[in-house]
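So this one's run31.txt, compact mmCIF, C-alpha atoms and all ligand atoms:
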# COMPACT_ATOMS: atom_id res chain seq x y z
CA MET A 859 -4.02 -6.05 19.04
CA THR A 860 -1.20 -8.38 18.00
CA ALA A 861 -0.57 -9.71 14.51
CA ASP A 862 -1.45 -13.16 15.76
CA GLU A 863 -4.81 -12.02 17.14
CA LEU A 864 -5.60 -10.05 13.98
CA LEU A 865 -4.71 -12.87 11.60
CA GLU A 866 -6.58 -15.42 13.70
CA ARG A 867 -9.67 -13.22 13.75
CA LEU A 868 -9.65 -12.41 10.03
CA ALA A 869 -8.73 -15.90 8.83
CA SER A 870 -11.61 -17.38 10.84
CA LEU A 871 -14.12 -15.29 8.91
CA HIS A 872 -15.64 -15.77 5.48
CA PRO A 873 -13.58 -13.67 3.00
CA ASP A 874 -16.56 -11.38 2.40
CA ALA A 875 -16.71 -10.51 6.10
CA ARG A 876 -13.02 -9.71 6.63
CA ASP A 877 -13.00 -6.09 5.52
CA ALA A 878 -15.93 -5.04 7.68
CA GLU A 879 -14.37 -6.71 10.71
CA TYR A 880 -10.95 -5.16 10.12
CA GLU A 881 -12.49 -1.71 9.63
CA ARG A 882 -14.55 -2.15 12.79
CA LEU A 883 -11.50 -3.18 14.82
CA PHE A 884 -9.44 -0.19 13.69
CA SER A 885 -12.21 2.36 13.09
CA VAL A 886 -11.13 2.70 9.48
CA VAL A 887 -14.56 3.67 8.18
CA ASP A 888 -14.83 7.09 6.62
CA PRO A 889 -17.91 8.73 8.17
CA ARG A 890 -18.35 10.86 5.07
CA LYS A 891 -18.80 7.63 3.12
CA HIS A 892 -18.52 9.28 -0.30
CA SER A 893 -15.71 11.73 0.17
CA GLU A 894 -14.99 14.39 -2.39
CA THR A 895 -11.93 14.17 -4.61
CA PRO A 896 -9.33 16.31 -2.83
CA GLY A 897 -7.89 17.92 -5.97
CA GLU A 898 -7.41 17.64 -9.70
CA GLY A 899 -6.28 14.14 -10.70
CA MET A 900 -6.71 12.86 -7.13
CA THR A 901 -9.19 10.18 -6.15
CA ALA A 902 -11.53 10.22 -3.17
CA TYR A 903 -10.84 8.07 -0.14
CA VAL A 904 -11.88 4.42 -0.46
CA PRO A 905 -10.17 1.73 1.63
CA SER A 906 -8.37 -1.23 0.01
CA HIS A 907 -9.56 -4.78 0.45
CA VAL A 908 -7.53 -6.52 3.14
CA ALA A 909 -6.86 -9.36 0.66
CA TYR A 910 -4.86 -7.00 -1.57
CA ILE A 911 -2.90 -5.62 1.37
CA ALA A 912 -2.01 -9.15 2.48
CA ARG A 913 -1.13 -10.03 -1.08
CA ALA A 914 1.25 -7.09 -1.31
CA LEU A 915 3.07 -8.23 1.84
CA VAL A 916 3.36 -11.80 0.54
CA ASP A 917 4.08 -11.11 -3.13
CA ALA A 918 6.57 -8.34 -2.40
CA ALA A 919 8.02 -10.49 0.41
CA VAL A 920 8.10 -7.48 2.74
CA GLY A 921 10.49 -7.92 5.65
CA THR A 922 13.36 -6.55 7.68
CA GLY A 923 15.16 -3.78 5.86
CA ASP A 924 12.12 -2.69 3.89
CA VAL A 925 10.65 0.78 3.97
CA PHE A 926 7.00 0.26 3.06
CA ILE A 927 5.17 3.35 1.80
CA ASP A 928 1.45 3.67 1.04
CA LEU A 929 1.00 6.56 -1.40
CA GLY A 930 -2.37 8.07 -0.56
CA SER A 931 -2.81 6.32 2.77
CA GLY A 932 -6.32 7.55 3.67
CA LEU A 933 -7.41 6.26 7.07
CA GLY A 934 -4.42 3.95 7.46
CA LYS A 935 -5.94 0.59 6.59
CA VAL A 936 -2.88 -0.47 4.57
CA THR A 937 -0.24 0.98 6.87
CA THR A 938 -1.79 -0.49 10.02
CA PHE A 939 -1.99 -3.95 8.48
CA ALA A 940 1.55 -3.71 7.07
CA ARG A 941 2.93 -2.69 10.46
CA LEU A 942 1.20 -5.48 12.33
CA CYS A 943 1.66 -8.26 9.81
CA SER A 944 5.16 -7.67 8.44
CA ASP A 945 8.66 -7.09 9.77
CA ALA A 946 9.20 -4.02 7.60
CA THR A 947 11.75 -1.75 9.21
CA SER A 948 9.61 1.27 8.54
CA VAL A 949 5.97 1.81 7.50
CA ARG A 950 4.82 5.20 6.26
CA GLY A 951 1.65 6.68 4.84
CA ILE A 952 1.64 9.71 2.56
CA GLU A 953 -1.72 11.49 2.49
CA TYR A 954 -2.91 14.75 0.99
CA GLN A 955 -5.91 15.13 3.30
CA ALA A 956 -4.77 16.11 6.80
CA ASP A 957 -8.15 15.29 8.38
CA LEU A 958 -7.80 11.67 7.28
CA ILE A 959 -4.35 11.41 8.87
CA ALA A 960 -5.77 12.82 12.10
CA ARG A 961 -8.28 9.95 12.23
CA CYS A 962 -5.80 7.11 11.51
CA PRO A 963 -5.40 4.45 14.20
CA LYS A 964 -2.41 5.23 16.43
CA VAL A 965 -0.08 2.28 15.87
CA ASP A 966 3.53 2.22 17.06
CA GLY A 967 5.95 2.22 14.17
CA VAL A 968 3.64 3.81 11.61
CA THR A 969 4.32 7.37 10.56
CA TYR A 970 2.22 9.63 8.36
CA VAL A 971 3.35 12.48 6.20
CA HIS A 972 0.84 15.10 5.20
CA GLY A 973 1.53 16.23 1.68
CA ASP A 974 1.37 15.62 -2.02
CA ALA A 975 3.03 12.43 -3.31
CA ARG A 976 4.59 14.62 -6.01
CA GLU A 977 6.54 16.52 -3.38
CA VAL A 978 7.20 14.59 -0.17
CA PRO A 979 10.46 12.63 0.28
CA LEU A 980 10.29 9.08 -1.11
CA ALA A 981 13.99 8.28 -1.58
CA ASP A 982 14.24 5.64 1.16
CA GLY A 983 11.19 3.62 0.02
CA THR A 984 11.71 0.01 -1.05
CA VAL A 985 8.08 -1.15 -1.43
CA PHE A 986 5.35 1.22 -2.62
CA PHE A 987 1.62 0.49 -2.43
CA LEU A 988 -0.88 2.44 -4.52
CA PHE A 989 -4.64 1.90 -4.56
CA THR A 990 -5.50 4.22 -7.44
CA PRO A 991 -4.68 7.40 -5.50
CA PHE A 992 -4.34 9.55 -8.59
CA VAL A 993 -4.73 9.50 -12.34
CA GLY A 994 -3.46 11.22 -15.47
CA GLU A 995 -0.62 13.72 -15.28
CA LEU A 996 -0.40 13.44 -11.53
CA ARG A 997 0.15 9.69 -11.77
CA ARG A 998 2.78 10.23 -14.44
CA ALA A 999 4.61 12.71 -12.24
CA VAL A 1000 4.63 10.33 -9.25
CA PHE A 1001 5.86 7.40 -11.35
CA GLU A 1002 8.67 9.67 -12.59
CA ARG A 1003 9.59 10.15 -8.95
CA LEU A 1004 9.48 6.39 -8.33
CA HIS A 1005 11.74 5.90 -11.36
CA GLU A 1006 14.18 8.33 -9.78
CA VAL A 1007 14.16 6.27 -6.56
CA ALA A 1008 14.75 3.10 -8.63
CA ARG A 1009 17.83 4.66 -10.18
CA HIS A 1010 19.41 4.45 -6.71
CA HIS A 1011 18.09 1.12 -5.41
CA GLY A 1012 15.73 -1.62 -6.52
CA ILE A 1013 12.08 -1.16 -5.54
CA THR A 1014 8.84 -3.12 -5.74
CA VAL A 1015 5.60 -1.35 -6.65
CA CYS A 1016 2.19 -2.85 -5.84
CA THR A 1017 -0.86 -1.35 -7.54
CA VAL A 1018 -4.53 -2.07 -6.97
CA ALA A 1019 -7.20 -1.40 -9.60
CA PHE A 1020 -4.80 -0.04 -12.18
CA SER A 1021 -1.82 -1.27 -14.12
CA VAL A 1022 1.13 0.61 -15.53
CA GLU A 1023 3.30 0.19 -18.56
CA GLU A 1024 6.74 1.50 -17.73
CA ASP A 1025 9.84 0.11 -19.41
CA TRP A 1026 11.65 0.17 -16.04
CA LEU A 1027 8.97 -1.87 -14.23
CA VAL A 1028 8.65 -5.63 -14.76
CA PRO A 1029 5.25 -7.13 -13.86
CA ARG A 1030 5.34 -10.35 -11.85
CA ASP A 1031 2.11 -11.58 -13.44
CA PRO A 1032 1.08 -9.76 -16.62
CA GLU A 1033 -2.28 -11.62 -16.59
CA SER A 1034 -3.33 -10.30 -13.21
CA LEU A 1035 -6.51 -8.21 -13.26
CA TRP A 1036 -6.85 -6.13 -10.09
CA PHE A 1037 -3.62 -6.52 -8.16
CA HIS A 1038 -0.22 -5.96 -9.76
CA CYS A 1039 3.27 -6.35 -8.41
CA TYR A 1040 6.23 -4.89 -10.32
CA ASP A 1041 9.97 -4.98 -9.73
CA SER A 1042 12.15 -2.17 -10.95
CA ARG A 1043 14.79 -2.95 -13.54
CA VAL A 1044 17.32 -0.20 -14.08
CA GLU A 1045 20.66 -0.85 -15.72
CA GLY A 1046 23.49 -0.88 -13.22
CA VAL A 1047 21.14 -1.02 -10.20
CA ALA A 1048 20.59 -4.28 -8.33
CA SER A 1049 16.96 -5.38 -8.12
CA ARG A 1050 15.34 -5.32 -4.71
CA THR A 1051 16.02 -8.51 -2.78
CA PRO A 1052 12.84 -10.13 -1.39
CA ARG A 1053 13.25 -9.88 2.38
CA ARG A 1054 11.26 -12.85 3.49
CA THR A 1055 10.65 -16.39 2.28
CA GLU A 1056 8.16 -17.81 4.78
CA PHE A 1057 4.77 -16.44 5.67
CA ASP A 1058 2.10 -17.14 8.20
CA SER A 1059 -0.39 -19.56 6.62
CA ARG A 1060 -3.29 -17.33 7.72
CA LEU A 1061 -1.74 -14.33 5.95
CA LYS A 1062 -1.36 -16.42 2.79
CA ARG A 1063 -4.99 -17.57 3.05
CA ILE A 1064 -6.20 -13.97 3.38
CA ALA A 1065 -3.98 -12.95 0.45
CA ALA A 1066 -5.41 -15.73 -1.71
CA SER A 1067 -9.02 -14.68 -1.21
CA GLU A 1068 -9.02 -12.01 -3.89
CA PRO A 1069 -12.43 -10.29 -4.01
C1 LIG A 1101 -8.43 5.16 -3.07
S1 LIG A 1101 -7.82 5.93 -1.58
C2 LIG A 1101 -6.69 4.69 -0.99
C3 LIG A 1101 -6.53 4.71 0.52
C4 LIG A 1101 -5.54 3.69 1.09
N1 LIG A 1101 -4.30 3.65 0.36
C5 LIG A 1101 -6.11 2.31 1.09
O1 LIG A 1101 -5.77 1.57 0.16
O2 LIG A 1101 -6.89 1.95 1.97
C6 LIG A 1101 -6.74 7.18 -2.30
C7 LIG A 1101 -6.17 8.17 -1.31
O3 LIG A 1101 -5.13 8.92 -1.97
C8 LIG A 1101 -5.13 10.24 -1.48
N2 LIG A 1101 -4.43 11.09 -2.46
C9 LIG A 1101 -4.88 11.46 -3.67
N3 LIG A 1101 -3.96 12.19 -4.32
C10 LIG A 1101 -2.89 12.30 -3.48
C11 LIG A 1101 -1.61 12.94 -3.59
N4 LIG A 1101 -1.25 13.63 -4.67
N5 LIG A 1101 -0.75 12.83 -2.54
C12 LIG A 1101 -1.10 12.13 -1.43
N6 LIG A 1101 -2.30 11.52 -1.28
C13 LIG A 1101 -3.18 11.58 -2.30
C14 LIG A 1101 -6.61 10.55 -1.31
O4 LIG A 1101 -6.81 11.63 -0.43
C15 LIG A 1101 -7.15 9.21 -0.77
O5 LIG A 1101 -7.15 9.20 0.63
How would this structure read if it were set down as structure tokens?
Amino acid sequence: MTADELLERLASLHPDARDAEYERLFSVVDPRKHSETPGEGMTAYVPSHVAYIARALVDAAVGTGDVFIDLGSGLGKVTTFARLCSDATSVRGIEYQADLIARCPKVDGVTYVHGDAREVPLADGTVFFLFTPFVGELRRAVFERLHEVARHHGITVCTVAFSVEEDWLVPRDPESLWFHCYDSRVEGVASRTPRRTEFDSRLKRIAASEP
């Protein structure tokens, strides 16, 4: 399926119907429905709303040169959409549960790394997406790693269903409730340059239909 076909299909639907259609098209539904938490501090698999994924691509202005990484990528709903609907140079999912990676849609240009976000390489990432994959100490440890990445180059971090207060991350919209977009600010390191200025109107419409 092309980006054009996907955007046309989703944009033609009522916002409430978009997720079910997208999950049907790419078989992103977890048959276990209520999966167990895979480990201490880790959350169970639940797919993001497509509106938040679209919003991340638009707000972070993802484009050529970006390395887009979904931390806790589950069944690949975010990575698949990011690959099809952006010009990111690289799209990667990091997932602790190998059986979820095995069931991800096979999409050219998307790679998956099986492992713990505390340990796998993240150094080349420029845009990170997190839909509450972990909490507590684990989250702290991963944000320490992201801070380390930001000491080398500017990054953008998109979070869904949680916000963070880090003195090195500047929120785009402090009033936002569910979706947050932050840019790193580290002395002596240039901020990440938005890679794209124009977006498909259908992508923007999907992004604007926050659940
Ligand atoms: C709420 S789901 C989000 C799935 C996907 N990002 C999306 O938005 O559709 C969280 C995912 O994070 C994974 N996860 C939890 N802790 C992890 C860790 N330490 N390293 C990698 N993945 C992790 C879980 O297995 C689960 O699939």
As a check of understanding: the span from CA of Leu996 (chain A) to CA of Asp917 (chain A) is 26.3 Å
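In this comparison, which uses only C-alpha atoms, the residue of A:Ala918, A:Ile1013, A:Cys943, A:Val1007 approaching Leu980 (chain A) most closely is A:Val1007.
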Surrounding residues as a VMD selection string, ligand LIG 1101 (chain A), max 7 Å, all atoms listed in the file: chain A and resid 896 900 to 906 928 to 936 952 to 955 973 to 976 988 to 992 996
Surrounding residues of Thr984 (chain A) excluding itself and chain neighbours under 5 positions, 12 Å, all atoms listed in the file, as a ChimeraX atom specification: /A:918-928,946-950,1004-1005,1007-1016,1040-1042,1049-1053
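Picture a line from CA of Leu864 (chain A) to CA of Cys962 (chain A); it runs 17.3 Å.
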Residue contacts of Arg913 (chain A) (8 Å, all atoms listed in the file) excluding same-chain residues fewer than 6 positions away, as a compact mmCIF listing (two decimals) with C-alpha atoms, in the frame of the given file:
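Below you can see part08.txt, which holds the result:
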# COMPACT_ATOMS: atom_id res chain seq x y z
CA LYS A 1062 -1.36 -16.42 2.79
CA ILE A 1064 -6.20 -13.97 3.38
CA ALA A 1065 -3.98 -12.95 0.45
CA ALA A 1066 -5.41 -15.73 -1.71
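You will find CA of Glu879 (chain A) at 11.5 Å from CA of His907 (chain A).
Of the listed residues (A:Ala875, A:Thr1017, A:Ser1067, A:Glu894), A:Thr1017 comes nearest to Pro1029 (chain A); the distances count only C-alpha atoms.
You can rank A:Cys1039, A:Ser1059, A:Met859, A:Val1044 by their closest distance to Phe884 (chain A) using all atoms listed in the file, and at the top of that list sits A:Met859.
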